[in-house]
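Asks: So here's start.txt, just compact mmCIF, C-alpha atoms:
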```txt
# COMPACT_ATOMS: atom_id res chain seq x y z
CA MET A 23 -7.16 -18.33 76.63
CA ILE A 24 -3.69 -16.87 76.51
CA ARG A 25 -3.08 -18.64 73.22
CA THR A 26 -6.27 -17.21 71.76
CA LEU A 27 -5.30 -13.71 72.86
CA GLY A 28 -1.90 -14.22 71.29
CA ILE A 29 -3.43 -15.23 67.99
CA ILE A 30 -5.78 -12.25 68.07
CA LEU A 31 -2.89 -9.95 68.90
CA LEU A 32 -0.83 -11.43 66.07
CA PHE A 33 -3.62 -10.90 63.56
CA GLY A 34 -4.07 -7.41 64.93
CA VAL A 35 -0.39 -6.64 64.42
CA ILE A 36 -0.49 -8.05 60.89
CA PHE A 37 -3.60 -6.04 60.11
CA VAL A 38 -2.07 -2.83 61.47
CA GLY A 39 1.11 -3.59 59.58
CA LEU A 40 -0.82 -4.01 56.32
CA GLN A 41 -2.61 -0.74 56.97
CA SER A 42 0.74 0.97 57.47
CA VAL A 43 2.28 0.17 54.04
CA TYR A 44 1.31 0.66 50.42
CA THR A 45 2.99 0.01 47.09
CA VAL A 46 3.24 2.38 44.14
CA ASN A 47 4.31 0.92 40.78
CA GLU A 48 6.03 2.78 37.96
CA LEU A 49 2.77 3.52 36.12
CA GLN A 50 1.04 5.10 39.11
CA GLN A 51 1.30 8.11 41.35
CA ALA A 52 -0.20 8.22 44.82
CA LEU A 53 -1.95 10.95 46.76
CA ILE A 54 -1.88 10.61 50.55
CA LEU A 55 -4.98 11.77 52.44
CA ARG A 56 -5.07 12.41 56.20
CA VAL A 57 -8.62 12.33 57.47
CA GLY A 58 -9.80 13.17 53.93
CA GLU A 59 -7.36 16.05 53.41
CA PRO A 60 -4.50 15.66 50.87
CA VAL A 61 -1.11 15.99 52.51
CA ASP A 62 1.45 14.47 50.13
CA ALA A 63 2.02 12.97 46.67
CA VAL A 64 4.29 10.04 45.87
CA ASN A 65 5.95 9.08 42.54
CA GLU A 66 4.45 12.07 40.75
CA VAL A 67 5.78 13.24 37.38
CA GLY A 68 9.30 14.61 37.82
CA ASP A 69 9.72 13.00 41.25
CA GLU A 70 10.15 9.28 40.60
CA ASP A 71 9.75 7.20 43.78
CA PRO A 72 7.97 3.90 43.08
CA GLY A 73 8.02 0.96 45.47
CA LEU A 74 6.99 0.28 49.07
CA HIS A 75 5.96 3.21 51.29
CA PHE A 76 4.65 3.69 54.82
CA LYS A 77 1.72 5.64 56.21
CA LEU A 78 -0.13 6.07 59.48
CA PRO A 79 -2.78 3.36 59.71
CA PHE A 80 -6.48 4.24 59.94
CA VAL A 81 -5.89 8.00 59.62
CA MET A 82 -4.26 8.02 56.19
CA ASP A 83 -5.72 6.87 52.87
CA VAL A 84 -3.98 6.45 49.53
CA LEU A 85 -5.52 7.41 46.16
CA MET A 86 -3.85 6.07 43.03
CA PHE A 87 -3.78 8.03 39.78
CA ASP A 88 -2.54 6.87 36.43
CA LYS A 89 0.84 8.24 35.45
CA ARG A 90 0.50 7.36 31.75
CA ASN A 91 -0.96 9.49 29.00
CA LEU A 92 -4.74 9.35 29.18
CA GLU A 93 -7.18 9.77 26.31
CA PHE A 94 -10.51 11.54 26.26
CA ASP A 95 -12.82 11.12 23.22
CA MET A 96 -15.39 13.77 22.45
CA SER A 97 -18.78 12.68 21.17
CA PRO A 98 -19.46 13.97 17.63
CA GLU A 99 -21.37 17.26 17.80
CA GLU A 100 -22.58 19.94 15.41
CA ILE A 101 -20.66 23.23 15.44
CA GLN A 102 -21.44 26.30 13.34
CA ALA A 103 -18.66 27.84 11.25
CA SER A 104 -18.29 31.54 10.44
CA ASP A 105 -20.36 31.19 7.24
CA GLN A 106 -23.30 29.81 9.27
CA VAL A 107 -22.77 26.26 7.96
CA ARG A 108 -23.08 23.57 10.61
CA LEU A 109 -20.39 20.88 10.75
CA VAL A 110 -20.20 17.55 12.56
CA VAL A 111 -16.91 17.57 14.48
CA ASP A 112 -15.36 14.53 16.17
CA ALA A 113 -12.21 15.16 18.25
CA PHE A 114 -10.15 13.65 21.05
CA LEU A 115 -7.58 14.82 23.56
CA ARG A 116 -4.57 13.20 25.24
CA TYR A 117 -3.43 14.41 28.64
CA ARG A 118 -1.57 13.29 31.76
CA ILE A 119 -1.81 14.10 35.44
CA VAL A 120 1.25 16.11 36.49
CA ASP A 121 0.03 17.40 39.87
CA PRO A 122 -2.13 14.78 41.64
CA LEU A 123 -2.78 17.10 44.60
CA ARG A 124 -4.17 19.88 42.41
CA PHE A 125 -5.95 17.32 40.26
CA TYR A 126 -7.74 15.91 43.30
CA GLN A 127 -8.63 19.37 44.60
CA THR A 128 -10.11 20.61 41.29
CA VAL A 129 -11.71 17.60 39.59
CA GLY A 130 -11.46 14.75 42.11
CA ASN A 131 -10.91 11.86 39.70
CA GLU A 132 -10.71 10.94 36.04
CA ARG A 133 -14.47 11.12 35.59
CA GLY A 134 -14.48 14.66 36.94
CA ALA A 135 -11.51 15.50 34.70
CA GLN A 136 -13.34 14.21 31.62
CA SER A 137 -16.38 16.29 32.49
CA ARG A 138 -14.24 19.42 32.82
CA LEU A 139 -12.27 18.60 29.66
CA ARG A 140 -15.50 18.04 27.73
CA SER A 141 -16.57 21.57 28.57
CA ILE A 142 -13.14 22.99 27.72
CA MET A 143 -12.91 21.09 24.42
CA ASP A 144 -16.43 22.09 23.40
CA ASP A 145 -15.77 25.75 24.16
CA SER A 146 -12.40 25.71 22.34
CA LEU A 147 -13.71 23.93 19.26
CA ARG A 148 -16.68 26.25 18.95
CA GLY A 149 -14.51 29.32 19.44
CA VAL A 150 -11.98 28.34 16.78
CA ILE A 151 -14.39 26.91 14.19
CA ALA A 152 -16.76 29.86 14.54
CA SER A 153 -13.95 32.14 13.35
CA ILE A 154 -13.25 30.39 10.02
CA PRO A 155 -15.38 29.35 7.00
CA SER A 156 -16.65 25.79 6.76
CA GLN A 157 -14.66 25.19 3.56
CA GLU A 158 -11.39 25.70 5.43
CA VAL A 159 -12.52 23.32 8.18
CA VAL A 160 -13.56 20.58 5.76
CA SER A 161 -10.75 20.77 3.21
CA GLY A 162 -8.34 23.42 4.43
CA GLN A 163 -5.33 23.43 6.71
CA ARG A 164 -6.39 20.75 9.23
CA ALA A 165 -3.02 20.82 11.06
CA GLU A 166 -3.27 24.58 11.60
CA LEU A 167 -6.83 24.17 12.86
CA MET A 168 -5.77 21.52 15.40
CA ASP A 169 -2.88 23.70 16.58
CA ARG A 170 -5.31 26.55 17.24
CA VAL A 171 -7.71 24.27 19.12
CA GLN A 172 -4.88 22.78 21.20
CA ALA A 173 -3.59 26.25 22.07
CA ALA A 174 -7.10 27.27 23.20
CA VAL A 175 -7.48 24.08 25.30
CA GLU A 176 -4.05 24.52 26.90
CA ALA A 177 -4.84 28.13 27.77
CA GLN A 178 -8.07 27.16 29.56
CA VAL A 179 -6.43 24.20 31.35
CA ALA A 180 -3.60 26.43 32.55
CA ARG A 181 -6.04 29.16 33.64
CA GLN A 182 -8.13 26.68 35.65
CA ASN A 183 -5.00 25.00 37.05
CA LEU A 184 -6.36 21.45 36.88
CA GLY A 185 -3.06 19.69 37.57
CA ILE A 186 -2.96 18.14 34.10
CA GLU A 187 -0.84 18.65 31.00
CA VAL A 188 -2.39 18.57 27.52
CA ILE A 189 -0.32 16.30 25.27
CA ASP A 190 -2.24 16.42 22.02
CA VAL A 191 -5.54 17.48 20.47
CA ARG A 192 -6.76 15.84 17.27
CA ILE A 193 -9.80 16.36 15.07
CA LEU A 194 -10.80 12.98 13.67
CA ARG A 195 -13.61 14.24 11.48
CA ALA A 196 -15.09 17.57 10.44
CA ASP A 197 -17.81 17.05 7.85
CA LEU A 198 -21.14 18.45 6.82
CA PRO A 199 -24.22 16.76 8.32
CA GLN A 200 -25.65 14.10 6.02
CA GLN A 201 -28.69 16.07 4.88
CA ILE A 202 -26.63 19.21 4.29
CA ALA A 203 -23.88 17.24 2.57
CA GLU A 204 -26.41 15.83 0.11
CA ARG A 205 -27.75 19.30 -0.70
CA VAL A 206 -24.23 20.67 -1.10
CA PHE A 207 -23.32 17.73 -3.32
CA GLN A 208 -26.35 18.30 -5.52
CA ARG A 209 -25.58 22.01 -5.76
CA MET A 210 -21.94 21.32 -6.62
CA ARG A 211 -23.02 18.74 -9.18
CA SER A 212 -25.45 21.21 -10.78
CA GLU A 213 -22.75 23.89 -10.87
CA ARG A 214 -20.26 21.49 -12.44
CA GLU A 215 -22.82 20.37 -15.04
CA GLN A 216 -23.58 24.00 -15.93
CA ARG A 217 -19.88 24.74 -16.16
CA ALA A 218 -19.34 21.65 -18.34
CA ALA A 219 -22.21 22.67 -20.63
CA GLN A 220 -20.75 26.16 -20.91
CA ILE A 221 -17.30 24.77 -21.74
CA ARG A 222 -18.78 22.41 -24.34
CA ALA A 223 -20.75 25.29 -25.91
CA VAL A 224 -17.62 27.46 -26.11
CA GLY A 225 -15.67 24.50 -27.51
CA ALA A 226 -18.34 23.83 -30.15
CA GLN A 227 -18.32 27.49 -31.17
CA GLN A 228 -14.54 27.53 -31.40
CA ALA A 229 -14.64 24.29 -33.39
CA GLN A 230 -17.08 25.86 -35.87
CA GLU A 231 -14.92 28.96 -36.17
CA ILE A 232 -11.81 26.85 -36.74
CA GLN A 233 -13.62 24.66 -39.29
CA ALA A 234 -14.95 27.72 -41.13
CA ASP A 235 -11.50 29.30 -41.18
CA ALA A 236 -9.98 26.02 -42.40
CA ASP A 237 -12.60 25.75 -45.16
CA ARG A 238 -11.95 29.34 -46.17
CA GLN A 239 -8.20 28.77 -46.25
CA GLY A 240 -8.78 25.56 -48.22
CA LEU A 241 -10.78 27.44 -50.85
CA VAL A 242 -8.09 30.09 -51.11
CA ILE A 243 -5.32 27.50 -51.37
CA ARG A 244 -7.20 25.48 -54.01
CA ALA A 245 -7.99 28.64 -55.99
CA GLU A 246 -4.35 29.71 -55.86
CA ALA A 247 -3.25 26.21 -56.81
CA ARG A 248 -5.64 26.16 -59.79
CA ALA A 249 -4.42 29.59 -60.88
CA ASP A 250 -0.79 28.44 -60.61
CA ALA A 251 -1.62 25.21 -62.47
CA GLU A 252 -3.39 27.09 -65.24
CA ARG A 253 -0.50 29.54 -65.47
CA VAL A 254 2.04 26.73 -65.67
CA MET A 255 -0.08 24.85 -68.16
CA GLY A 256 -0.44 28.01 -70.25
CA GLU A 257 3.29 28.55 -70.15
CA GLY A 258 3.81 24.90 -71.11
CA ASP A 259 1.34 25.12 -73.95
CA ALA A 260 3.01 28.29 -75.17
CA GLN A 261 6.43 26.62 -75.06
CA ARG A 262 5.03 23.52 -76.73
CA ASN A 263 3.41 25.58 -79.46
CA ALA A 264 6.63 27.50 -79.92
CA ILE A 265 8.55 24.23 -80.24
CA TYR A 266 5.96 22.85 -82.65
CA ALA A 267 6.09 26.03 -84.69
CA ALA A 268 9.87 25.92 -84.83
CA ALA A 269 9.83 22.25 -85.78
CA TYR A 270 7.20 22.83 -88.44
CA GLY A 271 9.20 25.66 -89.91
CA ARG A 272 12.26 23.47 -90.24
CA ASP A 273 10.63 20.36 -91.79
CA PRO A 274 6.87 20.50 -92.36
CA GLU A 275 6.76 16.93 -93.75
CA PHE A 276 8.50 15.41 -90.72
CA PHE A 277 6.36 17.47 -88.37
CA ALA A 278 3.20 16.13 -90.04
CA PHE A 279 4.56 12.58 -89.79
CA TYR A 280 5.43 13.02 -86.08
CA ARG A 281 2.00 14.43 -85.27
CA SER A 282 0.34 11.50 -87.01
CA MET A 283 2.43 8.97 -85.07
CA ILE A 284 1.40 10.57 -81.78
CA ALA A 285 -2.23 10.53 -82.84
CA TYR A 286 -1.97 6.82 -83.77
CA GLN A 287 -0.42 6.02 -80.39
CA GLU A 288 -3.19 7.77 -78.48
CA ALA A 289 -6.06 6.53 -80.65
CA ILE A 290 -5.12 2.90 -81.24
CA GLY A 291 -4.58 0.40 -78.42
CA ALA A 292 -2.83 -2.96 -78.64
CA GLY A 293 -4.89 -5.55 -80.52
CA THR A 294 -7.38 -2.98 -81.83
CA PRO A 295 -8.83 -4.09 -85.21
CA ILE A 296 -8.52 -1.35 -87.86
CA ILE A 297 -10.72 -0.82 -90.85
CA VAL A 298 -9.25 1.86 -93.10
CA ALA A 299 -11.22 3.64 -95.77
CA PRO A 300 -9.28 4.06 -98.99
CA ASP A 301 -9.55 7.82 -98.86
CA SER A 302 -8.96 8.25 -95.05
CA GLU A 303 -6.65 11.17 -94.35
CA PHE A 304 -6.09 10.02 -90.73
CA PHE A 305 -4.36 6.82 -91.85
CA ASP A 306 -2.62 8.47 -94.76
CA TYR A 307 0.79 7.15 -93.59
CA PHE A 308 -0.50 3.54 -93.51
CA ARG A 309 -0.69 3.50 -97.31
CA SER A 310 2.29 2.90 -99.50
CA GLU A 311 4.12 5.79 -101.10
CA THR A 312 2.69 4.87 -104.48
CA GLY A 313 -0.86 4.80 -103.15
CA ARG A 314 -0.75 8.20 -101.50
CA ASN A 315 -2.38 11.27 -103.02
```
Take the structure from the file and write it as structure tokens.

Replies:
Amino acid sequence: MIRTLGIILLFGVIFVGLQSVYTVNELQQALILRVGEPVDAVNEVGDEDPGLHFKLPFVMDVLMFDKRNLEFDMSPEEIQASDQVRLVVDAFLRYRIVDPLRFYQTVGNERGAQSRLRSIMDDSLRGVIASIPSQEVVSGQRAELMDRVQAAVEAQVARQNLGIEVIDVRILRADLPQQIAERVFQRMRSEREQRAAQIRAVGAQQAQEIQADADRQGLVIRAEARADAERVMGEGDAQRNAIYAAAYGRDPEFFAFYRSMIAYQEAIGAGTPIIVAPDSEFFDYFRSETGRN
């Protein structure tokens, strides 16, 4: 009997001893509750104290909170921009618990924090996106947009004093809904096709104008060239005639002989058979001196 009581007492001591200690690792922070009321925080951000700790058994409970950066993903939702165009926005937020006592008092746990952050993120995204056109959201300064959203989220978190610190806010996607995107694409395509047709029409008109101007310049250049050629040829003919006249005046017989030789050269090719009439004046120089008239 005494031995049994001793064993029971030993197990009781061990049980009470286990209820009197708890361990906090480097990645956690602990909140101590006394009869359900928070009384202390251990190993919180800025007050590093991991390891083995003691508490009053049965009257104190320990809640563990993550000390690392936590991530909260928003579900994609439609938000209306300032130009009344609806956009599908997908965003996420990173945060960490910096005051476990205040965190427990305001949101209770991570699920409660995500519910509160969902409301804050939704309100901030709608407020910022509603103030700018959809074109700037889709293809504009995305970094500036995220900075504005993060500033709005941080302001609400600080005002509500949730015991958390916002690390980062990112917009993963901000696009037009599928049905609207298709209509916008078709409209943009139609506008581009109209613009292309207009450019081609202007180009064709300019091409015709350039071709007409080139043809006109070609006619002028050819006419001027023909006039210059005729002038040069006239001057050459005049000089030639003057030379012929001078040569004829000096020796008419030699001039007649020279003219006949040139005529023979132009009229008779190599190997051409020649039949000469006895009284032909053209071949007068082919006859002997005694046979000439």

Asks: Skipping near chain neighbours, those fewer than 2 positions away, what residues fall within 6 Å of Leu184 of chain A using all atoms listed in the file, listed as number ranges by chain?

Replies: A: 125, 128, 182, 186

Asks: May I ask which of the residues A:Met210, A:Ala269, A:Leu147, A:Ala180 is the closest one to Leu115 of chain A, counting all atoms listed in the file?

Replies: A:Leu147

Asks: Between A:Ile243, A:Gln157, A:Ile193, A:Ile142, single out the one closest to Val175 of chain A, counting all atoms listed in the file.

Replies: A:Ile142

Asks: Please provide as a ChimeraX atom specification all residues within 7 Å of Val160 of chain A, with the sequence filter that same-chain residues fewer than 4 positions apart are discarded (counting only C-alpha atoms).

Replies: /A:156,196-197

Asks: If I take atom CA of Val150 of chain A and atom CA of Pro98 of chain A, how far is one from the other in Å, to one decimal?

Replies: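 It comes out at 16.2 Å.
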
Asks: Report, in Å to a single decimal, how far apart atom CA of Gln227 of chain A and atom CA of Glu246 of chain A are.

Replies: 28.5 Å

Asks: Separation of atom CA of Ala173 of chain A and atom CA of Arg133 of chain A, in Å?

Replies: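 Taking atom CA of Ala173 of chain A as the start and atom CA of Arg133 of chain A as the end point, the length is 23.0 Å.
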
Asks: Can you list, as a ChimeraX atom specification, every protein, DNA or RNA residue that comes within 8 Å of segment 111-113 of chain A when you count all atoms listed in the file, leaving out same-chain residues fewer than 3 positions away?

Replies: /A:95-101,191-197

Asks: Of the candidates A:Arg211, A:Glu48, A:Val224, A:Phe94, which shows the shortest atom-to-atom distance to Gly134 of chain A, using only C-alpha atoms?

Replies: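 Answer, going by the shortest atom-to-atom distance: A:Phe94.
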
Asks: Taking all atoms of segment 177-194 of chain A that the file lists and extending 3 Å past them on each side, where is the centre of the axis-aligned box and how long are its edges? Answer in Å to one decimal, as lines of an AutoDock Vina configuration file.

Replies:
```
center_x = -5.6
center_y = 21.1
center_z = 25.6
size_x = 16.5
size_y = 22.2
size_z = 29.9
```

Asks: For a quick check of understanding, using only C-alpha atoms, which of A:Ser212, A:Thr26, A:Gln102, A:Asn47 has the smallest distance to Arg90 of chain A?

Replies: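 So, comparing all the options, the nearest one is A:Asn47.
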
Asks: Rank nothing, just name the residue among A:Gln216, A:Gln172, A:Asn65, A:Asn263 nearest to Asp88 of chain A, using all atoms listed in the file.

Replies: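 Answer, going by the shortest atom-to-atom distance: A:Asn65.
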
Asks: (7.0, 14.8, 40.1) in this file's frame - what residues fall within 12 Å of it? Use only C-alpha atoms and give the answer as a list in words.

Replies: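 I get Gln50, Gln51, Ala52, Leu53, Asp62, Ala63, Val64, Asn65, Glu66, Val67, Gly68, Asp69, Glu70, Asp71, Pro72, Lys89, Ile119, Val120, Asp121, Pro122, Leu123 and Gly185 of chain A for the residues within 12 Å of that point.
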
Asks: Excluding same-chain residues fewer than 4 positions from Arg170 of chain A, what lies within 12 Å of it counting all atoms listed in the file, as a short mmCIF file (atom, residue, chain, number, x, y, z; two decimals) with C-alpha atoms, in the coordinates of the input?

Replies:
```cif
data_model
loop_
_atom_site.label_atom_id
_atom_site.label_comp_id
_atom_site.auth_asym_id
_atom_site.auth_seq_id
_atom_site.Cartn_x
_atom_site.Cartn_y
_atom_site.Cartn_z
CA MET A 143 -12.91 21.09 24.42
CA SER A 146 -12.40 25.71 22.34
CA LEU A 147 -13.71 23.93 19.26
CA ARG A 148 -16.68 26.25 18.95
CA GLY A 149 -14.51 29.32 19.44
CA VAL A 150 -11.98 28.34 16.78
CA ILE A 151 -14.39 26.91 14.19
CA SER A 153 -13.95 32.14 13.35
CA ILE A 154 -13.25 30.39 10.02
CA GLN A 163 -5.33 23.43 6.71
CA ARG A 164 -6.39 20.75 9.23
CA ALA A 165 -3.02 20.82 11.06
CA GLU A 166 -3.27 24.58 11.60
CA ALA A 174 -7.10 27.27 23.20
CA VAL A 175 -7.48 24.08 25.30
CA GLU A 176 -4.05 24.52 26.90
CA ALA A 177 -4.84 28.13 27.77
CA ASP A 190 -2.24 16.42 22.02
CA VAL A 191 -5.54 17.48 20.47
CA ARG A 192 -6.76 15.84 17.27
CA ILE A 193 -9.80 16.36 15.07
#
```
